[in-house]
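**Q** Enclosed is the structure file start.pdb (PDB, N, CA and C atoms).
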```pdb
ATOM      1  N   MET X   1      -0.514 -41.831 -24.155
ATOM      2  CA  MET X   1      -1.000 -40.474 -24.210
ATOM      3  C   MET X   1      -0.598 -39.730 -22.941
ATOM      4  N   GLU X   2      -0.459 -38.435 -23.079
ATOM      5  CA  GLU X   2      -0.106 -37.606 -21.943
ATOM      6  C   GLU X   2      -1.315 -37.406 -21.040
ATOM      7  N   GLN X   3      -1.027 -37.373 -19.761
ATOM      8  CA  GLN X   3      -2.100 -37.126 -18.811
ATOM      9  C   GLN X   3      -2.119 -35.630 -18.494
ATOM     10  N   THR X   4      -3.227 -34.978 -18.743
ATOM     11  CA  THR X   4      -3.346 -33.550 -18.460
ATOM     12  C   THR X   4      -4.244 -33.345 -17.261
ATOM     13  N   GLU X   5      -3.925 -32.315 -16.516
ATOM     14  CA  GLU X   5      -4.709 -32.008 -15.326
ATOM     15  C   GLU X   5      -5.902 -31.164 -15.745
ATOM     16  N   GLN X   6      -7.067 -31.548 -15.301
ATOM     17  CA  GLN X   6      -8.253 -30.769 -15.620
ATOM     18  C   GLN X   6      -8.325 -29.575 -14.686
ATOM     19  N   LEU X   7      -8.572 -28.427 -15.267
ATOM     20  CA  LEU X   7      -8.684 -27.212 -14.471
ATOM     21  C   LEU X   7     -10.133 -27.041 -14.030
ATOM     22  N   THR X   8     -10.308 -26.902 -12.769
ATOM     23  CA  THR X   8     -11.636 -26.656 -12.235
ATOM     24  C   THR X   8     -11.757 -25.176 -11.907
ATOM     25  N   ASP X   9     -12.956 -24.739 -11.666
ATOM     26  CA  ASP X   9     -13.175 -23.335 -11.310
ATOM     27  C   ASP X   9     -12.404 -22.957 -10.054
ATOM     28  N   GLU X  10     -12.324 -23.879  -9.122
ATOM     29  CA  GLU X  10     -11.632 -23.603  -7.867
ATOM     30  C   GLU X  10     -10.131 -23.400  -8.091
ATOM     31  N   THR X  11      -9.500 -24.237  -8.897
ATOM     32  CA  THR X  11      -8.061 -24.083  -9.146
ATOM     33  C   THR X  11      -7.780 -22.815  -9.947
ATOM     34  N   ILE X  12      -8.667 -22.461 -10.850
ATOM     35  CA  ILE X  12      -8.491 -21.229 -11.622
ATOM     36  C   ILE X  12      -8.623 -20.018 -10.699
ATOM     37  N   GLN X  13      -9.625 -20.024  -9.838
ATOM     38  CA  GLN X  13      -9.821 -18.915  -8.899
ATOM     39  C   GLN X  13      -8.640 -18.786  -7.939
ATOM     40  N   ASN X  14      -8.110 -19.912  -7.471
ATOM     41  CA  ASN X  14      -6.945 -19.883  -6.580
ATOM     42  C   ASN X  14      -5.728 -19.310  -7.285
ATOM     43  N   ALA X  15      -5.530 -19.678  -8.547
ATOM     44  CA  ALA X  15      -4.398 -19.165  -9.313
ATOM     45  C   ALA X  15      -4.531 -17.662  -9.531
ATOM     46  N   ILE X  16      -5.738 -17.214  -9.851
ATOM     47  CA  ILE X  16      -5.963 -15.778 -10.063
ATOM     48  C   ILE X  16      -5.741 -15.016  -8.765
ATOM     49  N   ARG X  17      -6.237 -15.527  -7.668
ATOM     50  CA  ARG X  17      -6.083 -14.870  -6.368
ATOM     51  C   ARG X  17      -4.608 -14.773  -5.984
ATOM     52  N   LYS X  18      -3.856 -15.833  -6.251
ATOM     53  CA  LYS X  18      -2.431 -15.859  -5.894
ATOM     54  C   LYS X  18      -1.648 -14.826  -6.691
ATOM     55  N   VAL X  19      -1.990 -14.683  -7.973
ATOM     56  CA  VAL X  19      -1.283 -13.736  -8.829
ATOM     57  C   VAL X  19      -1.654 -12.298  -8.494
ATOM     58  N   THR X  20      -2.909 -12.059  -8.158
ATOM     59  CA  THR X  20      -3.357 -10.687  -7.936
ATOM     60  C   THR X  20      -3.214 -10.213  -6.500
ATOM     61  N   GLU X  21      -2.836 -11.083  -5.579
ATOM     62  CA  GLU X  21      -2.651 -10.661  -4.192
ATOM     63  C   GLU X  21      -1.503  -9.674  -4.106
ATOM     64  N   LYS X  22      -1.723  -8.619  -3.362
ATOM     65  CA  LYS X  22      -0.667  -7.639  -3.148
ATOM     66  C   LYS X  22      -0.002  -7.944  -1.810
ATOM     67  N   PRO X  23       1.317  -7.894  -1.760
ATOM     68  CA  PRO X  23       1.986  -8.123  -0.483
ATOM     69  C   PRO X  23       1.667  -6.991   0.488
ATOM     70  N   ALA X  24       1.729  -7.284   1.746
ATOM     71  CA  ALA X  24       1.447  -6.279   2.772
ATOM     72  C   ALA X  24       2.486  -5.170   2.705
ATOM     73  N   PRO X  25       2.064  -3.905   2.770
ATOM     74  CA  PRO X  25       3.025  -2.801   2.684
ATOM     75  C   PRO X  25       4.096  -2.853   3.761
ATOM     76  N   GLU X  26       3.751  -3.359   4.950
ATOM     77  CA  GLU X  26       4.737  -3.422   6.023
ATOM     78  C   GLU X  26       5.870  -4.376   5.675
ATOM     79  N   ALA X  27       5.564  -5.406   4.890
ATOM     80  CA  ALA X  27       6.578  -6.388   4.532
ATOM     81  C   ALA X  27       7.571  -5.798   3.535
ATOM     82  N   ILE X  28       7.124  -4.873   2.709
ATOM     83  CA  ILE X  28       7.978  -4.298   1.670
ATOM     84  C   ILE X  28       8.725  -3.074   2.176
ATOM     85  N   LYS X  29       8.025  -2.224   2.897
ATOM     86  CA  LYS X  29       8.593  -0.945   3.290
ATOM     87  C   LYS X  29       9.623  -1.106   4.404
ATOM     88  N   THR X  30      10.799  -0.558   4.176
ATOM     89  CA  THR X  30      11.839  -0.550   5.194
ATOM     90  C   THR X  30      12.144   0.902   5.551
ATOM     91  N   ASP X  31      13.023   1.108   6.497
ATOM     92  CA  ASP X  31      13.362   2.474   6.904
ATOM     93  C   ASP X  31      13.998   3.258   5.759
ATOM     94  N   ASN X  32      14.762   2.589   4.908
ATOM     95  CA  ASN X  32      15.423   3.278   3.800
ATOM     96  C   ASN X  32      14.452   3.671   2.708
ATOM     97  N   GLN X  33      13.242   3.108   2.715
ATOM     98  CA  GLN X  33      12.275   3.426   1.667
ATOM     99  C   GLN X  33      11.244   4.442   2.116
ATOM    100  N   ALA X  34      11.354   4.956   3.315
ATOM    101  CA  ALA X  34      10.415   5.962   3.810
ATOM    102  C   ALA X  34      10.670   7.281   3.082
ATOM    103  N   ILE X  35       9.600   7.998   2.729
ATOM    104  CA  ILE X  35       9.729   9.286   2.055
ATOM    105  C   ILE X  35      10.072  10.344   3.098
ATOM    106  N   VAL X  36      11.108  11.120   2.800
ATOM    107  CA  VAL X  36      11.556  12.169   3.711
ATOM    108  C   VAL X  36      11.692  13.477   2.941
ATOM    109  N   PHE X  37      11.767  14.570   3.687
ATOM    110  CA  PHE X  37      11.938  15.905   3.121
ATOM    111  C   PHE X  37      13.253  16.475   3.633
ATOM    112  N   TYR X  38      14.032  17.049   2.723
ATOM    113  CA  TYR X  38      15.327  17.616   3.071
ATOM    114  C   TYR X  38      15.329  19.090   2.692
ATOM    115  N   CYS X  39      15.569  19.949   3.661
ATOM    116  CA  CYS X  39      15.651  21.382   3.393
ATOM    117  C   CYS X  39      17.072  21.687   2.935
ATOM    118  N   LYS X  40      17.196  22.216   1.724
ATOM    119  CA  LYS X  40      18.513  22.511   1.166
ATOM    120  C   LYS X  40      19.136  23.738   1.823
ATOM    121  N   ASP X  41      18.311  24.596   2.404
ATOM    122  CA  ASP X  41      18.835  25.784   3.082
ATOM    123  C   ASP X  41      19.311  25.455   4.493
ATOM    124  N   CYS X  42      18.508  24.692   5.245
ATOM    125  CA  CYS X  42      18.876  24.293   6.609
ATOM    126  C   CYS X  42      19.881  23.136   6.611
ATOM    127  N   LYS X  43      19.949  22.401   5.499
ATOM    128  CA  LYS X  43      20.824  21.245   5.334
ATOM    129  C   LYS X  43      20.525  20.149   6.360
ATOM    130  N   GLU X  44      19.227  19.854   6.530
ATOM    131  CA  GLU X  44      18.820  18.775   7.427
ATOM    132  C   GLU X  44      17.444  18.247   7.031
ATOM    133  N   LEU X  45      17.138  17.052   7.532
ATOM    134  CA  LEU X  45      15.840  16.442   7.295
ATOM    135  C   LEU X  45      14.800  17.165   8.136
ATOM    136  N   VAL X  46      13.669  17.501   7.518
ATOM    137  CA  VAL X  46      12.610  18.232   8.211
ATOM    138  C   VAL X  46      11.269  17.574   7.934
ATOM    139  N   SER X  47      10.263  17.955   8.679
ATOM    140  CA  SER X  47       8.899  17.504   8.396
ATOM    141  C   SER X  47       8.189  18.672   7.709
ATOM    142  N   ALA X  48       8.302  18.726   6.393
ATOM    143  CA  ALA X  48       7.799  19.849   5.606
ATOM    144  C   ALA X  48       6.284  19.886   5.590
ATOM    145  N   LYS X  49       5.747  21.068   5.377
ATOM    146  CA  LYS X  49       4.301  21.268   5.291
ATOM    147  C   LYS X  49       3.923  21.590   3.855
ATOM    148  N   LYS X  50       2.874  20.930   3.370
ATOM    149  CA  LYS X  50       2.417  21.114   1.992
ATOM    150  C   LYS X  50       1.669  22.430   1.862
ATOM    151  N   GLN X  51       1.876  23.105   0.723
ATOM    152  CA  GLN X  51       1.190  24.357   0.447
ATOM    153  C   GLN X  51       0.082  24.103  -0.567
ATOM    154  N   GLY X  52      -1.136  24.230  -0.154
ATOM    155  CA  GLY X  52      -2.268  24.103  -1.064
ATOM    156  C   GLY X  52      -2.335  22.746  -1.741
ATOM    157  N   LYS X  53      -2.749  22.767  -3.018
ATOM    158  CA  LYS X  53      -2.909  21.523  -3.778
ATOM    159  C   LYS X  53      -1.669  21.172  -4.595
ATOM    160  N   SER X  54      -0.713  22.075  -4.687
ATOM    161  CA  SER X  54       0.486  21.815  -5.481
ATOM    162  C   SER X  54       1.470  20.960  -4.701
ATOM    163  N   LEU X  55       2.502  20.514  -5.371
ATOM    164  CA  LEU X  55       3.543  19.722  -4.707
ATOM    165  C   LEU X  55       4.665  20.621  -4.209
ATOM    166  N   THR X  56       4.290  21.741  -3.621
ATOM    167  CA  THR X  56       5.247  22.665  -3.039
ATOM    168  C   THR X  56       5.199  22.503  -1.529
ATOM    169  N   PHE X  57       6.366  22.359  -0.934
ATOM    170  CA  PHE X  57       6.457  22.161   0.506
ATOM    171  C   PHE X  57       7.279  23.280   1.130
ATOM    172  N   THR X  58       6.977  23.598   2.375
ATOM    173  CA  THR X  58       7.661  24.659   3.097
ATOM    174  C   THR X  58       8.369  24.080   4.311
ATOM    175  N   CYS X  59       9.562  24.535   4.546
ATOM    176  CA  CYS X  59      10.333  24.117   5.720
ATOM    177  C   CYS X  59       9.759  24.814   6.953
ATOM    178  N   PRO X  60       9.469  24.073   8.014
ATOM    179  CA  PRO X  60       8.926  24.707   9.217
ATOM    180  C   PRO X  60       9.948  25.541   9.980
ATOM    181  N   GLN X  61      11.239  25.355   9.702
ATOM    182  CA  GLN X  61      12.280  26.091  10.431
ATOM    183  C   GLN X  61      12.620  27.424   9.768
ATOM    184  N   CYS X  62      12.856  27.385   8.447
ATOM    185  CA  CYS X  62      13.278  28.609   7.759
ATOM    186  C   CYS X  62      12.180  29.221   6.887
ATOM    187  N   SER X  63      11.052  28.557   6.745
ATOM    188  CA  SER X  63       9.889  29.024   5.972
ATOM    189  C   SER X  63      10.189  29.235   4.493
ATOM    190  N   ARG X  64      11.137  28.512   3.957
ATOM    191  CA  ARG X  64      11.449  28.597   2.522
ATOM    192  C   ARG X  64      10.944  27.356   1.807
ATOM    193  N   ASN X  65      10.901  27.428   0.481
ATOM    194  CA  ASN X  65      10.370  26.343  -0.337
ATOM    195  C   ASN X  65      11.454  25.494  -0.983
ATOM    196  N   ASN X  66      12.654  25.548  -0.506
ATOM    197  CA  ASN X  66      13.773  24.837  -1.116
ATOM    198  C   ASN X  66      13.877  23.430  -0.513
ATOM    199  N   ILE X  67      12.893  22.576  -0.830
ATOM    200  CA  ILE X  67      12.757  21.258  -0.224
ATOM    201  C   ILE X  67      12.988  20.172  -1.279
ATOM    202  N   ALA X  68      13.785  19.184  -0.932
ATOM    203  CA  ALA X  68      13.974  18.002  -1.781
ATOM    204  C   ALA X  68      13.148  16.866  -1.180
ATOM    205  N   ILE X  69      12.506  16.084  -2.057
ATOM    206  CA  ILE X  69      11.664  14.974  -1.626
ATOM    207  C   ILE X  69      12.256  13.692  -2.180
ATOM    208  N   GLY X  70      12.326  12.654  -1.360
ATOM    209  CA  GLY X  70      12.823  11.371  -1.833
ATOM    210  C   GLY X  70      12.820  10.339  -0.723
ATOM    211  N   THR X  71      13.296   9.152  -1.065
ATOM    212  CA  THR X  71      13.416   8.131  -0.036
ATOM    213  C   THR X  71      14.592   8.495   0.863
ATOM    214  N   GLN X  72      14.557   7.973   2.051
ATOM    215  CA  GLN X  72      15.626   8.293   3.000
ATOM    216  C   GLN X  72      16.979   7.869   2.443
ATOM    217  N   LYS X  73      17.029   6.720   1.817
ATOM    218  CA  LYS X  73      18.289   6.217   1.264
ATOM    219  C   LYS X  73      18.806   7.134   0.156
ATOM    220  N   SER X  74      17.912   7.573  -0.745
ATOM    221  CA  SER X  74      18.357   8.413  -1.855
ATOM    222  C   SER X  74      18.798   9.791  -1.387
ATOM    223  N   ILE X  75      18.070  10.376  -0.436
ATOM    224  CA  ILE X  75      18.448  11.700   0.087
ATOM    225  C   ILE X  75      19.789  11.618   0.808
ATOM    226  N   GLU X  76      19.976  10.601   1.635
ATOM    227  CA  GLU X  76      21.251  10.442   2.357
ATOM    228  C   GLU X  76      22.404  10.240   1.391
ATOM    229  N   SER X  77      22.155   9.502   0.324
ATOM    230  CA  SER X  77      23.206   9.245  -0.657
ATOM    231  C   SER X  77      23.526  10.506  -1.463
ATOM    232  N   TYR X  78      22.517  11.190  -1.953
ATOM    233  CA  TYR X  78      22.718  12.344  -2.833
ATOM    234  C   TYR X  78      23.345  13.525  -2.087
ATOM    235  N   TYR X  79      22.885  13.782  -0.886
ATOM    236  CA  TYR X  79      23.381  14.925  -0.109
ATOM    237  C   TYR X  79      24.483  14.536   0.864
ATOM    238  N   HIS X  80      24.983  13.320   0.806
ATOM    239  CA  HIS X  80      26.087  12.825   1.623
ATOM    240  C   HIS X  80      25.841  13.053   3.121
ATOM    241  N   LEU X  81      24.681  12.612   3.589
ATOM    242  CA  LEU X  81      24.334  12.755   4.996
ATOM    243  C   LEU X  81      24.799  11.534   5.769
ATOM    244  N   ASP X  82      25.139  11.744   7.017
ATOM    245  CA  ASP X  82      25.480  10.620   7.891
ATOM    246  C   ASP X  82      24.183   9.995   8.378
ATOM    247  N   LYS X  83      24.193   8.688   8.505
ATOM    248  CA  LYS X  83      22.983   7.995   8.937
ATOM    249  C   LYS X  83      22.700   8.178  10.382
TER     250      LYS X  83
END
```
Could you render the structure from this file as structure tokens?
**A**
Amino acid sequence: MEQTEQLTDETIQNAIRKVTEKPAPEAIKTDNQAIVFYCKDCKELVSAKKQGKSLTFTCPQCSRNNIAIGTQKSIESYYHLDK
């Protein structure tokens, strides 16, 4: 006959904890995954300011709303920016 391992409450709890543990954000997040704002008018990365409760951002340099939001890697790739 086959030998089966009996599952105890402790082994079940350990398995559940292992599956549901979330990795630390610092371990996952790299510089290329940081969210950045790109002003299409100024043609540079800026630290945009949010307007009210909407997802509208304003460029602090030119005061326009022509802002692209994305990861640093995607913005650099799409707008052909030098690193």
**Q** Evaluate the PyMOL selection byres ((chain X and resi 65-81) around 6.5) and record the selected residues as an MDAnalysis selection string, following the chain and residue labels used in the document.
**A** chainID X and resid 31:41 57:59 63:64 82:83
**Q** Would you mind reading off the distance between CA of Cys62 in chain X and CA of Lys49 in chain X, one decimal, in Å?
**A**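 Rounded to one decimal, the two atoms are 11.9 Å apart.
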**Q** Figure out the distance between CA of Glu21 in chain X and CA of Asp9 in chain X, please, to one decimal in Å.
**A** 17.9 Å
**Q** Emit as JSON the padded axis-aligned box for all listed atoms of range 50-56 of chain X, 5 Å per side, with centre and edge lengths in Å to one decimal.
**A**
```
{"center_x": 1.2, "center_y": 22.0, "center_z": -1.1, "size_x": 18.2, "size_y": 14.6, "size_z": 18.9}
```
**Q** Can you measure CA of Lys43 in chain X to CA of Pro60 in chain X for me? One decimal in Å is fine.
**A**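 Separation of CA of Lys43 in chain X and CA of Pro60 in chain X: 13.0 Å.
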**Q** Save range 39-51 of chain X to a file: all heavy atoms, as a PDB file, in the first residue's frame.
**A**
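Output contents, as saved in part_16.pdb:
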```pdb
ATOM      1  N   CYS X  39       5.937  65.540 -19.273  1.00  0.00           N
ATOM      2  CA  CYS X  39       5.213  66.658 -19.872  1.00  0.00           C
ATOM      3  C   CYS X  39       5.488  66.638 -21.371  1.00  0.00           C
ATOM      4  O   CYS X  39       6.640  66.745 -21.802  1.00  0.00           O
ATOM      5  CB  CYS X  39       5.654  67.983 -19.260  1.00  0.00           C
ATOM      6  SG  CYS X  39       4.791  69.399 -19.993  1.00  0.00           S
ATOM      7  N   LYS X  40       4.428  66.506 -22.158  1.00  0.00           N
ATOM      8  CA  LYS X  40       4.577  66.433 -23.609  1.00  0.00           C
ATOM      9  C   LYS X  40       4.915  67.795 -24.205  1.00  0.00           C
ATOM     10  O   LYS X  40       5.472  67.865 -25.299  1.00  0.00           O
ATOM     11  CB  LYS X  40       3.291  65.898 -24.233  1.00  0.00           C
ATOM     12  CG  LYS X  40       2.946  64.493 -23.797  1.00  0.00           C
ATOM     13  CD  LYS X  40       1.614  64.072 -24.380  1.00  0.00           C
ATOM     14  CE  LYS X  40       1.094  62.815 -23.732  1.00  0.00           C
ATOM     15  NZ  LYS X  40      -0.259  62.484 -24.217  1.00  0.00           N
ATOM     16  N   ASP X  41       4.587  68.864 -23.495  1.00  0.00           N
ATOM     17  CA  ASP X  41       4.905  70.207 -23.985  1.00  0.00           C
ATOM     18  C   ASP X  41       6.351  70.583 -23.678  1.00  0.00           C
ATOM     19  O   ASP X  41       7.053  71.109 -24.529  1.00  0.00           O
ATOM     20  CB  ASP X  41       3.949  71.236 -23.364  1.00  0.00           C
ATOM     21  CG  ASP X  41       2.501  70.991 -23.789  1.00  0.00           C
ATOM     22  OD1 ASP X  41       2.281  70.563 -24.940  1.00  0.00           O
ATOM     23  OD2 ASP X  41       1.602  71.207 -22.953  1.00  0.00           O
ATOM     24  N   CYS X  42       6.801  70.318 -22.445  1.00  0.00           N
ATOM     25  CA  CYS X  42       8.182  70.615 -22.047  1.00  0.00           C
ATOM     26  C   CYS X  42       9.164  69.562 -22.570  1.00  0.00           C
ATOM     27  O   CYS X  42      10.365  69.811 -22.616  1.00  0.00           O
ATOM     28  CB  CYS X  42       8.304  70.674 -20.530  1.00  0.00           C
ATOM     29  SG  CYS X  42       7.323  71.963 -19.756  1.00  0.00           S
ATOM     30  N   LYS X  43       8.648  68.376 -22.904  1.00  0.00           N
ATOM     31  CA  LYS X  43       9.435  67.248 -23.389  1.00  0.00           C
ATOM     32  C   LYS X  43      10.487  66.802 -22.371  1.00  0.00           C
ATOM     33  O   LYS X  43      11.648  66.573 -22.710  1.00  0.00           O
ATOM     34  CB  LYS X  43      10.078  67.551 -24.732  1.00  0.00           C
ATOM     35  CG  LYS X  43       9.064  67.823 -25.823  1.00  0.00           C
ATOM     36  CD  LYS X  43       9.689  67.866 -27.171  1.00  0.00           C
ATOM     37  CE  LYS X  43       8.753  68.222 -28.274  1.00  0.00           C
ATOM     38  NZ  LYS X  43       7.455  67.706 -28.288  1.00  0.00           N
ATOM     39  N   GLU X  44      10.054  66.686 -21.105  1.00  0.00           N
ATOM     40  CA  GLU X  44      10.946  66.197 -20.056  1.00  0.00           C
ATOM     41  C   GLU X  44      10.136  65.606 -18.905  1.00  0.00           C
ATOM     42  O   GLU X  44       8.936  65.851 -18.786  1.00  0.00           O
ATOM     43  CB  GLU X  44      11.860  67.301 -19.559  1.00  0.00           C
ATOM     44  CG  GLU X  44      11.157  68.486 -18.958  1.00  0.00           C
ATOM     45  CD  GLU X  44      12.135  69.588 -18.579  1.00  0.00           C
ATOM     46  OE1 GLU X  44      12.878  70.051 -19.458  1.00  0.00           O
ATOM     47  OE2 GLU X  44      12.146  69.933 -17.397  1.00  0.00           O
ATOM     48  N   LEU X  45      10.826  64.820 -18.082  1.00  0.00           N
ATOM     49  CA  LEU X  45      10.210  64.230 -16.904  1.00  0.00           C
ATOM     50  C   LEU X  45      10.019  65.316 -15.858  1.00  0.00           C
ATOM     51  O   LEU X  45      10.924  66.109 -15.611  1.00  0.00           O
ATOM     52  CB  LEU X  45      11.081  63.104 -16.345  1.00  0.00           C
ATOM     53  CG  LEU X  45      11.268  61.892 -17.255  1.00  0.00           C
ATOM     54  CD1 LEU X  45      12.235  60.910 -16.607  1.00  0.00           C
ATOM     55  CD2 LEU X  45       9.950  61.215 -17.529  1.00  0.00           C
ATOM     56  N   VAL X  46       8.828  65.361 -15.262  1.00  0.00           N
ATOM     57  CA  VAL X  46       8.512  66.383 -14.266  1.00  0.00           C
ATOM     58  C   VAL X  46       7.862  65.734 -13.056  1.00  0.00           C
ATOM     59  O   VAL X  46       7.451  64.567 -13.101  1.00  0.00           O
ATOM     60  CB  VAL X  46       7.563  67.461 -14.851  1.00  0.00           C
ATOM     61  CG1 VAL X  46       8.231  68.240 -15.962  1.00  0.00           C
ATOM     62  CG2 VAL X  46       6.263  66.858 -15.323  1.00  0.00           C
ATOM     63  N   SER X  47       7.751  66.474 -11.983  1.00  0.00           N
ATOM     64  CA  SER X  47       7.003  66.004 -10.815  1.00  0.00           C
ATOM     65  C   SER X  47       5.652  66.722 -10.846  1.00  0.00           C
ATOM     66  O   SER X  47       5.493  67.810 -10.301  1.00  0.00           O
ATOM     67  CB  SER X  47       7.763  66.293  -9.527  1.00  0.00           C
ATOM     68  OG  SER X  47       8.000  67.668  -9.411  1.00  0.00           O
ATOM     69  N   ALA X  48       4.694  66.125 -11.534  1.00  0.00           N
ATOM     70  CA  ALA X  48       3.394  66.747 -11.773  1.00  0.00           C
ATOM     71  C   ALA X  48       2.577  66.839 -10.500  1.00  0.00           C
ATOM     72  O   ALA X  48       2.757  66.070  -9.560  1.00  0.00           O
ATOM     73  CB  ALA X  48       2.634  65.950 -12.827  1.00  0.00           C
ATOM     74  N   LYS X  49       1.669  67.792 -10.475  1.00  0.00           N
ATOM     75  CA  LYS X  49       0.772  67.990  -9.339  1.00  0.00           C
ATOM     76  C   LYS X  49      -0.639  67.591  -9.739  1.00  0.00           C
ATOM     77  O   LYS X  49      -1.119  67.965 -10.803  1.00  0.00           O
ATOM     78  CB  LYS X  49       0.804  69.450  -8.904  1.00  0.00           C
ATOM     79  CG  LYS X  49       2.156  69.879  -8.403  1.00  0.00           C
ATOM     80  CD  LYS X  49       2.156  71.322  -8.001  1.00  0.00           C
ATOM     81  CE  LYS X  49       3.557  71.710  -7.551  1.00  0.00           C
ATOM     82  NZ  LYS X  49       3.666  73.134  -7.251  1.00  0.00           N
ATOM     83  N   LYS X  50      -1.294  66.826  -8.868  1.00  0.00           N
ATOM     84  CA  LYS X  50      -2.647  66.339  -9.134  1.00  0.00           C
ATOM     85  C   LYS X  50      -3.655  67.458  -8.933  1.00  0.00           C
ATOM     86  O   LYS X  50      -3.544  68.254  -8.004  1.00  0.00           O
ATOM     87  CB  LYS X  50      -2.957  65.165  -8.208  1.00  0.00           C
ATOM     88  CG  LYS X  50      -4.245  64.471  -8.514  1.00  0.00           C
ATOM     89  CD  LYS X  50      -4.408  63.235  -7.671  1.00  0.00           C
ATOM     90  CE  LYS X  50      -5.717  62.561  -8.028  1.00  0.00           C
ATOM     91  NZ  LYS X  50      -5.955  61.377  -7.247  1.00  0.00           N
ATOM     92  N   GLN X  51      -4.674  67.485  -9.801  1.00  0.00           N
ATOM     93  CA  GLN X  51      -5.734  68.475  -9.698  1.00  0.00           C
ATOM     94  C   GLN X  51      -6.979  67.811  -9.125  1.00  0.00           C
ATOM     95  O   GLN X  51      -7.570  66.949  -9.773  1.00  0.00           O
ATOM     96  CB  GLN X  51      -6.082  69.048 -11.057  1.00  0.00           C
ATOM     97  CG  GLN X  51      -5.028  69.910 -11.663  1.00  0.00           C
ATOM     98  CD  GLN X  51      -5.493  70.463 -12.993  1.00  0.00           C
ATOM     99  OE1 GLN X  51      -6.450  69.982 -13.575  1.00  0.00           O
ATOM    100  NE2 GLN X  51      -4.805  71.476 -13.460  1.00  0.00           N
TER     101      GLN X  51
END
```
